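The structure appears right after this line, and notes come after that.
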Amino acid sequence: PRPTQEDLAGLRCRLQKVKEQVAQVDQLPPVPAGASTDLRSRLERVRQLELRIRERKAGSGATPGAWPSGDAGAAAPAVEAGSKKTPAYQRFHTLAQDLPPGLTLPYKFKVLAEMFRSMDTIAGMLFNRAETITFAKVKQGVQDMMRKQFEERHVGQIKAVYPTSYRLRQEKNIPTFGNGMKKSDYQLTLEPVLGEEEKVDGRPHLSASRLLARRKEFNRNLVNIVKQHHKAFLAALSPPMVVPEEKLTRWHPRFNVDEVPDISPAELPQPPQEDRLSTAQEVLSAARGMLSPKMEKALANLALRTAEAGAGEPVVSKAPSPASTSSALKGVSQALLERIRAKEAQKLQALMTRDPRQEERLAMLGRLPAMARILRNVFVAEKKPALTMEVACARMADSYDAQMPPGEMEKHLRLFAELLPDWVRIHTLSTDTYIKLDKGKDLSLVTETLTKAAKEAEAL
């Protein structure tokens with residue numbers, strides 16, 4: 001129902017009374033000297049709260065100088081403590097340090113890295129729910145996520161790559177919930193290894209940021225393994241090469257990453273010997289009478305042996321042996337051949353340690369000779385002495401044979417102005433940025449200058 005005139009008059013009256021009471025707050029008399037301590041504290045708290053309300057309305061955002069006692073000041077210590085907390089960009093700066101894009105991994109290493117990510121995700125959920133993490137649970141989850149087979153040897157490989165990631169045990173009397181195993185059977189259990197600082201309510205917690213940090217650490221360890229094989233490859237070359245690992249940005253052109261041997265699994269904990277023997281004997285007794293005598297004998301021998309898997313050393317990838325001198329090089333002095341090989345090795349070392357930004361500039365320099373002809377044709381077709389940067393980039397992107405966004409095309413045009421200021425000039429005005437081109441300049445000289453600049457930059 002719509003409010004009547006009487007209702008509106010009553011609301012106005014009540015609002016006027018509230019305003020009068022608020023106005024009287026400033027006119028409160030001083031606290032009497034004989035007032036009790038409790039009354040004085042309550043009045044002081046009212047004054048402080050009223051002051052905070054007025055400051056918030058004024059938009060000053062200032063905090064009162066003295067926090068009142070009681071519930072109103074309970075948030076003060078939390079604010080002060082929070083201000084001393086280390087900023088997030090400092091606590092998580094390591095997460096932003098990616099590896100150079102040129103250090104690619106073998107396909108089998110990438111699959112293992114994905115297995116670790118899936119395994120860590122599932123283990124993190126179970127761990128944060130305070131559940132016992134068994135290999136059976138993790139195996140099913142990883143296989144559902146990746147659609148690939150996940151076995152204990154993969155856990156051993158993960159342990160070999162990142163030894164401090166998990167604590168592995170063989171435990172029994174773990175609820176199985178109908179997975180086909182007896183409660184008295186031993187099961188492989190996994191426990192993430194976390195620091196003392198990674199706790200929530202006094203219990204270790206595997207947070208999302210920690211999962212990301214563990215994944216990056218695993219990938220770095222994989223790259224370091226490939227680096228060791230790459231180092232052995234360089235040492236076996238003729239002449240041998242030594243490249244500092246911290247400066248390495250790409251592999252040697254003749255280093256085949258996919259030929260890096262697989263990672264040898266670390267030794268996993270095994271059930272006690274008597275339990276393994278009794279299990280094998282149970283299988284033997286259950287299968288007796290169903291197998292041939294030869295198979296029964298082989299199974300009996302298996303029951304008497306101890307299945308201990310040892311972690312072997314990874315095989316170092318071999319570098320190709322130096323090619324023997326061909327008949328075409330007969331008569332060439334050995335000193336000249338060694339100088340040529342040394343120069344080639346120096347060029348390859350520069351290639352392997354080249355900065356990614358320098359690599360991007362080299363790629364741009366390589367495109368400029370072909371772009372120069374397109375740029376000149378754009379100005380001839382437009383019949384204008386100057387074009388806006390936006391129009392020039394759009395016309396160049398339409399004519400160039402590869403897809404390139406306008407921002408990348410603008411970088412190339414500015415590189416033209418840097419290398420050939422007498423041919424391309426860029427003028428920035430208050431309204432827009434314009435590009436001018438000298439259409440009378442010989443295009444062959446322009447192409448020659450650009451090709452020379454690309455060769456000089458590549459030689460650095």
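Residues in the structure tokens are named by chain (A, B, ... in the order shown) and by number from 1 within that chain; ligands are numbered from 1 in the order shown.
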
_Going by DSSP on the backbone, which residues of stretch 162-266 of chain A come out as alpha helix (DSSP H)? List them as a PyMOL selection string._
chain A and resi 208-235

Interface rows for stretch 131-171 of chain A against stretch 214-224 of chain A: nearest pair, Å to one decimal, 9 Å, only C-alpha atoms, as a tab-separated table:
```
residue	atom	partner	partner_atom	distance
A:Ile158	CA	A:Phe218	CA	8.4
A:Val161	CA	A:Asn221	CA	6.2
A:Tyr162	CA	A:Phe218	CA	6.1
A:Ser165	CA	A:Arg214	CA	7.6
```

How would the residues just chosen look if you wrote them out with all heavy atoms as a PDB file, in the first residue's frame?
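Produced file part38.pdb, reproduced below:
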```
ATOM      1  N   ILE A 158      59.663 -38.942 -10.870  1.00  0.00           N
ATOM      2  CA  ILE A 158      59.386 -37.660 -10.218  1.00  0.00           C
ATOM      3  C   ILE A 158      60.254 -37.492  -8.982  1.00  0.00           C
ATOM      4  O   ILE A 158      60.808 -36.408  -8.723  1.00  0.00           O
ATOM      5  CB  ILE A 158      57.888 -37.569  -9.870  1.00  0.00           C
ATOM      6  CG1 ILE A 158      57.055 -37.417 -11.152  1.00  0.00           C
ATOM      7  CG2 ILE A 158      57.603 -36.427  -8.905  1.00  0.00           C
ATOM      8  CD1 ILE A 158      55.565 -37.514 -10.946  1.00  0.00           C
ATOM      9  N   VAL A 161      63.768 -36.591 -10.093  1.00  0.00           N
ATOM     10  CA  VAL A 161      63.909 -35.215 -10.569  1.00  0.00           C
ATOM     11  C   VAL A 161      63.794 -34.222  -9.417  1.00  0.00           C
ATOM     12  O   VAL A 161      64.548 -33.247  -9.337  1.00  0.00           O
ATOM     13  CB  VAL A 161      62.844 -34.912 -11.649  1.00  0.00           C
ATOM     14  CG1 VAL A 161      62.873 -33.444 -12.047  1.00  0.00           C
ATOM     15  CG2 VAL A 161      63.066 -35.789 -12.862  1.00  0.00           C
ATOM     16  N   TYR A 162      62.865 -34.456  -8.498  1.00  0.00           N
ATOM     17  CA  TYR A 162      62.578 -33.520  -7.406  1.00  0.00           C
ATOM     18  C   TYR A 162      62.551 -34.322  -6.102  1.00  0.00           C
ATOM     19  O   TYR A 162      61.495 -34.635  -5.578  1.00  0.00           O
ATOM     20  CB  TYR A 162      61.238 -32.856  -7.677  1.00  0.00           C
ATOM     21  CG  TYR A 162      60.905 -31.645  -6.855  1.00  0.00           C
ATOM     22  CD1 TYR A 162      59.750 -30.906  -7.103  1.00  0.00           C
ATOM     23  CD2 TYR A 162      61.712 -31.219  -5.806  1.00  0.00           C
ATOM     24  CE1 TYR A 162      59.427 -29.784  -6.360  1.00  0.00           C
ATOM     25  CE2 TYR A 162      61.398 -30.111  -5.057  1.00  0.00           C
ATOM     26  CZ  TYR A 162      60.249 -29.402  -5.337  1.00  0.00           C
ATOM     27  OH  TYR A 162      59.936 -28.297  -4.585  1.00  0.00           O
ATOM     28  N   SER A 165      60.235 -33.326  -3.016  1.00  0.00           N
ATOM     29  CA  SER A 165      58.828 -32.997  -3.257  1.00  0.00           C
ATOM     30  C   SER A 165      57.896 -33.825  -2.395  1.00  0.00           C
ATOM     31  O   SER A 165      56.900 -33.314  -1.881  1.00  0.00           O
ATOM     32  CB  SER A 165      58.483 -33.209  -4.734  1.00  0.00           C
ATOM     33  OG  SER A 165      58.751 -34.550  -5.113  1.00  0.00           O
TER      34      SER A 165
END
```

*Would you mind reading off the distance between atom CA of A:Lys110 and atom CA of A:Arg169, one decimal, in Å?*
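Taking atom CA of A:Lys110 and atom CA of A:Arg169, their separation equals 26.6 Å.
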
*Near A:Arg117, within 9 Å and counting only C-alpha atoms, which residues show up once chain neighbours fewer than 4 positions away are dropped, as a PyMOL selection string?*
chain A and resi 112-113+121-122+211-212+214-215

_Of the listed residues A:Pro269, A:Pro369, A:Pro106, A:Gly10, that which approaches A:Leu419 most closely, counting only C-alpha atoms_ = A:Pro369

*From A:Leu234, A:Ala9, A:Leu188, A:Val111, residue lying nearest A:Ala345 [only C-alpha atoms]*: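 Among the listed residues, the smallest separation from A:Ala345 belongs to A:Leu234.
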
*asked:* Using only C-alpha atoms, which protein or nucleic acid residues come within 10 Å of stretch 332-339 of chain A? Drop anything in the same chain fewer than 5 positions from it, and give the result as a list in words.
replied: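 Neighbouring residues, sequence-local ones excluded: Ser238, Pro239, Thr325, Glu344 and Ala345 of chain A.
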
Write the selection just made, keeping N, CA, C and O atoms, as a compact mmCIF listing (two decimals), in the first residue's frame?
```txt
# COMPACT_ATOMS: atom_id res chain seq x y z
N SER A 238 84.75 -31.28 -31.33
CA SER A 238 86.12 -30.95 -31.73
C SER A 238 86.10 -29.62 -32.48
O SER A 238 85.58 -29.54 -33.60
N PRO A 239 86.62 -28.54 -31.89
CA PRO A 239 87.21 -28.46 -30.54
C PRO A 239 86.12 -28.42 -29.48
O PRO A 239 84.98 -28.03 -29.76
N THR A 325 88.62 -36.41 -42.04
CA THR A 325 88.89 -35.47 -43.12
C THR A 325 88.52 -36.09 -44.45
O THR A 325 88.99 -37.16 -44.82
N GLU A 344 83.98 -21.23 -36.08
CA GLU A 344 82.62 -21.76 -36.09
C GLU A 344 82.12 -22.01 -34.68
O GLU A 344 80.96 -21.74 -34.35
N ALA A 345 83.03 -22.54 -33.82
CA ALA A 345 82.65 -22.76 -32.44
C ALA A 345 82.33 -21.45 -31.73
O ALA A 345 81.39 -21.38 -30.92
```

*Which polymer residues have any atom within 7 Å of an atom of A:Thr433, counting only C-alpha atoms, with same-chain residues fewer than 4 positions away left out, as a PyMOL selection string?*
chain A and resi 388-389+427-429

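The coordinates place atom CA of A:Arg54 at 22.9 Å from atom CA of A:Leu39.
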